[in-house]
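Asks: Before we start, here is the structure in question, set down as structure tokens.
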Amino acid sequence: MSTPITVTGEVPSPRQDTDAQGAVETVIDEACRALHLPTIRTRWEELAATAMKERSSYKDFLADLLEAECAHREERKKLRLVREANFPRSKRLEDFDFEKNPNVTPEQVNTLGDPAWVTAGQPLCLIGDSGTGKSHLLIGIGTAIAEAGLKVRYTTTANLVNELAEAADEKKLGRTLARYSRVDLLCLDEFGYLDLDKPGAKLLFQVFTEREERRAIAIASNAPFSEWKQTFTDPRLCAAIVDRVTFNAHIIETGTDSFRLAQTQEKRRRG
């Protein structure tokens, strides 16, 4: 009869196979790259450690991974849409100084930061003298709409007309008009700063016609509607354009007092 063997001491912990662990990490890394999951690839170890510490279930751990990936992807989308809008500088609605310009109310601006008016294809007109905050509002509103997930494009009136004229010369006008018709919001700055000849005005009119009641357009102009006839020398064309940008439109008059000039004068006095 064999003598039973008595085992003493603690049972040793399972041996950690570092090669196997490294293989798992490689599989995770390669899978995340193949599936284009950069956030999970860089954060899974951190989230796994948190899950172990909090004794989370597998489902909770998976939900945390996917939530982190979705949140980062949404943030990247916002940055991409703002970048593609081609704003000349960064301006945000929360940075607008309403005390310096009492003509503009926070309620108006907050309403326009919501994309409902854009999806409804409504126009926006910002009318006022230089230095009253029109471009700030135009860029700030456009940024808010882009961050809401819609396609926005900013340009000046002069640049747009020049681009359309070049496209027409190169027999590419249809393609250029189609590109501008696809963006959800077209922000058109410096409207009324130049006198347009009849061909240029007709090209611009085509953009308005393509977007009418389907896609939103926002313009910033230093001239009241009554003076647009100086920009559009053809009275009928001028009336048609005014009709399109004012029908069912949001209109904000930023006034005539330049707070930008006031700021400059105040700095000089302090200096």
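Chain labels follow the order of the structure tokens: the first chain is A, the next B, and so on; residue numbering restarts at 1 in every chain, and ligands are counted from 1 in their shown order.
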Which residues come within 12 Å of Ala165 in chain A, counting only C-alpha atoms, excluding same-chain residues fewer than 3 positions away, as a count of residues only?
Replies: 24
Asks: Write out as a list in words each polymer residue whose atoms come within 6 Å of Lys91 in chain A, counting only C-alpha atoms; drop sequence neighbours fewer than 3 positions from it.
Replies: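 Everything that qualifies: His136, Ile139 and Gly140 of chain A.
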Asks: Could you save the residues just selected, with N, CA and C atoms, as an mmCIF file, in the first residue's frame?
Replies:
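The resulting again-v5.cif:
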```
data_model
loop_
_atom_site.group_PDB
_atom_site.id
_atom_site.type_symbol
_atom_site.label_atom_id
_atom_site.label_comp_id
_atom_site.auth_asym_id
_atom_site.auth_seq_id
_atom_site.Cartn_x
_atom_site.Cartn_y
_atom_site.Cartn_z
ATOM 1 N N HIS A 136 -18.186 88.100 -36.349
ATOM 2 C CA HIS A 136 -18.079 87.265 -35.148
ATOM 3 C C HIS A 136 -19.311 86.374 -35.034
ATOM 4 N N ILE A 139 -19.409 83.674 -37.941
ATOM 5 C CA ILE A 139 -18.481 82.567 -37.723
ATOM 6 C C ILE A 139 -18.897 81.756 -36.495
ATOM 7 N N GLY A 140 -19.328 82.453 -35.438
ATOM 8 C CA GLY A 140 -19.746 81.756 -34.227
ATOM 9 C C GLY A 140 -20.960 80.871 -34.461
#
```
Asks: Smallest atom-to-atom distance to Thr26 in chain A: which of A:Arg41, A:Asn222, A:Ser135, A:Thr143, using only C-alpha atoms?
Replies: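 Checking each of A:Arg41, A:Asn222, A:Ser135, A:Thr143 against Thr26 in chain A, counting only C-alpha atoms, the winner is A:Arg41.
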Asks: Near range 183-186 of chain A, within 8 Å and counting only C-alpha atoms, which residues show up once chain neighbours fewer than 4 positions away are dropped, as a ChimeraX atom specification?
Replies: /A:118-119,142,150-155,179,215-218
Asks: Could you dump the residues just selected with N, CA, C and O atoms as an mmCIF file, in the first residue's frame?
Replies:
```
data_model
loop_
_atom_site.group_PDB
_atom_site.id
_atom_site.type_symbol
_atom_site.label_atom_id
_atom_site.label_comp_id
_atom_site.auth_asym_id
_atom_site.auth_seq_id
_atom_site.Cartn_x
_atom_site.Cartn_y
_atom_site.Cartn_z
ATOM 1 N N VAL A 118 -31.526 75.773 -39.695
ATOM 2 C CA VAL A 118 -30.720 75.337 -40.838
ATOM 3 C C VAL A 118 -31.391 74.166 -41.540
ATOM 4 O O VAL A 118 -31.502 74.135 -42.777
ATOM 5 N N THR A 119 -31.831 73.190 -40.772
ATOM 6 C CA THR A 119 -32.491 72.028 -41.372
ATOM 7 C C THR A 119 -33.802 72.424 -42.042
ATOM 8 O O THR A 119 -34.268 71.730 -42.953
ATOM 9 N N GLY A 142 -21.920 79.703 -37.406
ATOM 10 C CA GLY A 142 -21.475 78.632 -38.297
ATOM 11 C C GLY A 142 -20.725 77.539 -37.554
ATOM 12 O O GLY A 142 -20.905 76.346 -37.827
ATOM 13 N N LEU A 150 -23.598 69.326 -38.830
ATOM 14 C CA LEU A 150 -24.012 69.696 -40.184
ATOM 15 C C LEU A 150 -22.833 70.267 -40.969
ATOM 16 O O LEU A 150 -21.874 70.770 -40.391
ATOM 17 N N LYS A 151 -22.936 70.198 -42.292
ATOM 18 C CA LYS A 151 -21.874 70.697 -43.159
ATOM 19 C C LYS A 151 -22.040 72.204 -43.373
ATOM 20 O O LYS A 151 -23.103 72.663 -43.777
ATOM 21 N N VAL A 152 -20.967 72.940 -43.104
ATOM 22 C CA VAL A 152 -20.982 74.399 -43.203
ATOM 23 C C VAL A 152 -19.829 74.835 -44.107
ATOM 24 O O VAL A 152 -18.775 74.202 -44.135
ATOM 25 N N ARG A 153 -20.052 75.921 -44.828
ATOM 26 C CA ARG A 153 -18.990 76.491 -45.660
ATOM 27 C C ARG A 153 -19.011 77.995 -45.525
ATOM 28 O O ARG A 153 -20.057 78.639 -45.691
ATOM 29 N N TYR A 154 -17.850 78.565 -45.198
ATOM 30 C CA TYR A 154 -17.711 80.014 -45.092
ATOM 31 C C TYR A 154 -16.918 80.533 -46.286
ATOM 32 O O TYR A 154 -15.931 79.931 -46.711
ATOM 33 N N THR A 155 -17.359 81.683 -46.814
ATOM 34 C CA THR A 155 -16.591 82.378 -47.852
ATOM 35 C C THR A 155 -17.041 83.831 -47.878
ATOM 36 O O THR A 155 -18.068 84.184 -47.303
ATOM 37 N N ARG A 179 -21.462 71.654 -55.650
ATOM 38 C CA ARG A 179 -20.695 71.531 -54.413
ATOM 39 C C ARG A 179 -21.234 72.473 -53.342
ATOM 40 O O ARG A 179 -21.379 72.091 -52.185
ATOM 41 N N ARG A 215 -31.772 74.656 -48.533
ATOM 42 C CA ARG A 215 -30.536 74.734 -47.760
ATOM 43 C C ARG A 215 -30.386 76.158 -47.229
ATOM 44 O O ARG A 215 -30.674 77.127 -47.930
ATOM 45 N N ALA A 216 -29.922 76.271 -46.012
ATOM 46 C CA ALA A 216 -29.842 77.590 -45.366
ATOM 47 C C ALA A 216 -28.646 78.386 -45.862
ATOM 48 O O ALA A 216 -27.614 77.826 -46.240
ATOM 49 N N ILE A 217 -28.820 79.696 -45.841
ATOM 50 C CA ILE A 217 -27.738 80.601 -46.185
ATOM 51 C C ILE A 217 -27.730 81.727 -45.159
ATOM 52 O O ILE A 217 -28.786 82.212 -44.739
ATOM 53 N N ALA A 218 -26.543 82.113 -44.709
ATOM 54 C CA ALA A 218 -26.395 83.211 -43.747
ATOM 55 C C ALA A 218 -25.474 84.246 -44.353
ATOM 56 O O ALA A 218 -24.390 83.919 -44.838
#
```
Asks: Taking the DSSP secondary structure from the backbone, can you list the residues of range 84-237 of chain A that are strand (DSSP E or B), as a list in words?
Replies: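 Across range 84-237 of chain A, those assigned strand (DSSP E or B) are Leu124, Cys125, Leu126, Ile127, Gly128, Val152, Arg153, Tyr154, Thr155, Thr156, Leu185, Leu186, Cys187, Leu188, Asp189, Glu190, Phe191, Leu196, Ala216, Ile217, Ala218, Ile219, Ala220, Ser221 and Phe232 of chain A.
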Asks: Determine, counting only C-alpha atoms, which protein, DNA and RNA residues have an atom within 9 Å of an atom of Ala148 in chain A; residues of the same chain fewer than 3 positions away are not included. Present the result as a ChimeraX atom specification.
Replies: /A:78,113-115,143-145
Asks: What's around range 250-259 of chain A at 8 Å? Count only C-alpha atoms, leave out sequence neighbours fewer than 4 positions away in its own chain, and write the answer as a PDB file with N, CA, C and O atoms, in the first residue's frame.
Replies:
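Printed below is result-v4.pdb as written:
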```
ATOM      1  N   LYS A 100     -21.408  95.053 -24.990  1.00  0.00           N
ATOM      2  CA  LYS A 100     -20.848  96.049 -25.902  1.00  0.00           C
ATOM      3  C   LYS A 100     -21.808  96.348 -27.064  1.00  0.00           C
ATOM      4  O   LYS A 100     -21.707  97.398 -27.692  1.00  0.00           O
ATOM      5  N   ASN A 101     -22.681  95.403 -27.371  1.00  0.00           N
ATOM      6  CA  ASN A 101     -23.641  95.626 -28.454  1.00  0.00           C
ATOM      7  C   ASN A 101     -25.034  95.211 -27.989  1.00  0.00           C
ATOM      8  O   ASN A 101     -25.446  94.064 -28.177  1.00  0.00           O
ATOM      9  N   ASN A 103     -27.791  95.824 -29.216  1.00  0.00           N
ATOM     10  CA  ASN A 103     -28.725  95.537 -30.315  1.00  0.00           C
ATOM     11  C   ASN A 103     -28.931  94.039 -30.497  1.00  0.00           C
ATOM     12  O   ASN A 103     -29.943  93.607 -31.060  1.00  0.00           O
ATOM     13  N   VAL A 104     -27.966  93.252 -30.052  1.00  0.00           N
ATOM     14  CA  VAL A 104     -28.025  91.794 -30.208  1.00  0.00           C
ATOM     15  C   VAL A 104     -28.329  91.181 -28.847  1.00  0.00           C
ATOM     16  O   VAL A 104     -27.672  91.506 -27.854  1.00  0.00           O
ATOM     17  N   GLN A 122     -33.944  77.924 -43.664  1.00  0.00           N
ATOM     18  CA  GLN A 122     -34.266  79.337 -43.496  1.00  0.00           C
ATOM     19  C   GLN A 122     -33.015  80.209 -43.636  1.00  0.00           C
ATOM     20  O   GLN A 122     -31.930  79.811 -43.226  1.00  0.00           O
ATOM     21  N   PRO A 123     -33.170  81.424 -44.188  1.00  0.00           N
ATOM     22  CA  PRO A 123     -32.023  82.338 -44.313  1.00  0.00           C
ATOM     23  C   PRO A 123     -31.754  83.089 -43.010  1.00  0.00           C
ATOM     24  O   PRO A 123     -32.619  83.179 -42.137  1.00  0.00           O
ATOM     25  N   LEU A 124     -30.557  83.635 -42.925  1.00  0.00           N
ATOM     26  CA  LEU A 124     -30.173  84.499 -41.810  1.00  0.00           C
ATOM     27  C   LEU A 124     -29.471  85.724 -42.390  1.00  0.00           C
ATOM     28  O   LEU A 124     -28.564  85.586 -43.213  1.00  0.00           O
ATOM     29  N   CYS A 125     -29.899  86.913 -41.969  1.00  0.00           N
ATOM     30  CA  CYS A 125     -29.266  88.160 -42.419  1.00  0.00           C
ATOM     31  C   CYS A 125     -28.742  88.927 -41.212  1.00  0.00           C
ATOM     32  O   CYS A 125     -29.504  89.232 -40.286  1.00  0.00           O
ATOM     33  N   LEU A 126     -27.455  89.209 -41.230  1.00  0.00           N
ATOM     34  CA  LEU A 126     -26.821  90.038 -40.208  1.00  0.00           C
ATOM     35  C   LEU A 126     -26.480  91.368 -40.869  1.00  0.00           C
ATOM     36  O   LEU A 126     -25.625  91.429 -41.750  1.00  0.00           O
ATOM     37  N   ILE A 127     -27.157  92.421 -40.454  1.00  0.00           N
ATOM     38  CA  ILE A 127     -27.026  93.719 -41.106  1.00  0.00           C
ATOM     39  C   ILE A 127     -26.503  94.744 -40.102  1.00  0.00           C
ATOM     40  O   ILE A 127     -27.056  94.896 -39.012  1.00  0.00           O
ATOM     41  N   GLY A 128     -25.429  95.447 -40.469  1.00  0.00           N
ATOM     42  CA  GLY A 128     -24.907  96.473 -39.583  1.00  0.00           C
ATOM     43  C   GLY A 128     -23.591  97.029 -40.085  1.00  0.00           C
ATOM     44  O   GLY A 128     -22.974  96.476 -41.002  1.00  0.00           O
ATOM     45  N   ASP A 129     -23.155  98.112 -39.474  1.00  0.00           N
ATOM     46  CA  ASP A 129     -21.906  98.752 -39.888  1.00  0.00           C
ATOM     47  C   ASP A 129     -20.697  97.908 -39.485  1.00  0.00           C
ATOM     48  O   ASP A 129     -20.805  96.972 -38.679  1.00  0.00           O
ATOM     49  N   SER A 130     -19.551  98.267 -40.023  1.00  0.00           N
ATOM     50  CA  SER A 130     -18.307  97.583 -39.679  1.00  0.00           C
ATOM     51  C   SER A 130     -18.018  97.731 -38.191  1.00  0.00           C
ATOM     52  O   SER A 130     -18.268  98.788 -37.602  1.00  0.00           O
ATOM     53  N   GLY A 131     -17.478  96.669 -37.592  1.00  0.00           N
ATOM     54  CA  GLY A 131     -17.099  96.709 -36.190  1.00  0.00           C
ATOM     55  C   GLY A 131     -18.219  96.443 -35.218  1.00  0.00           C
ATOM     56  O   GLY A 131     -18.046  96.603 -34.004  1.00  0.00           O
ATOM     57  N   THR A 132     -19.398  96.027 -35.715  1.00  0.00           N
ATOM     58  CA  THR A 132     -20.535  95.785 -34.818  1.00  0.00           C
ATOM     59  C   THR A 132     -20.745  94.305 -34.508  1.00  0.00           C
ATOM     60  O   THR A 132     -21.742  93.942 -33.877  1.00  0.00           O
ATOM     61  N   GLY A 133     -19.829  93.453 -34.956  1.00  0.00           N
ATOM     62  CA  GLY A 133     -19.879  92.042 -34.561  1.00  0.00           C
ATOM     63  C   GLY A 133     -20.516  91.093 -35.557  1.00  0.00           C
ATOM     64  O   GLY A 133     -20.775  89.932 -35.221  1.00  0.00           O
ATOM     65  N   LYS A 134     -20.757  91.551 -36.795  1.00  0.00           N
ATOM     66  CA  LYS A 134     -21.419  90.683 -37.774  1.00  0.00           C
ATOM     67  C   LYS A 134     -20.597  89.433 -38.077  1.00  0.00           C
ATOM     68  O   LYS A 134     -21.122  88.313 -38.060  1.00  0.00           O
ATOM     69  N   THR A 246     -34.635  87.171 -47.671  1.00  0.00           N
ATOM     70  CA  THR A 246     -35.457  87.697 -46.574  1.00  0.00           C
ATOM     71  C   THR A 246     -36.715  86.873 -46.333  1.00  0.00           C
ATOM     72  O   THR A 246     -37.331  87.000 -45.262  1.00  0.00           O
ATOM     73  N   GLN A 263     -13.162 100.026 -28.661  1.00  0.00           N
ATOM     74  CA  GLN A 263     -12.110  99.311 -27.940  1.00  0.00           C
ATOM     75  C   GLN A 263     -10.737  99.882 -28.282  1.00  0.00           C
ATOM     76  O   GLN A 263      -9.882 100.049 -27.401  1.00  0.00           O
TER      77      GLN A 263
END
```
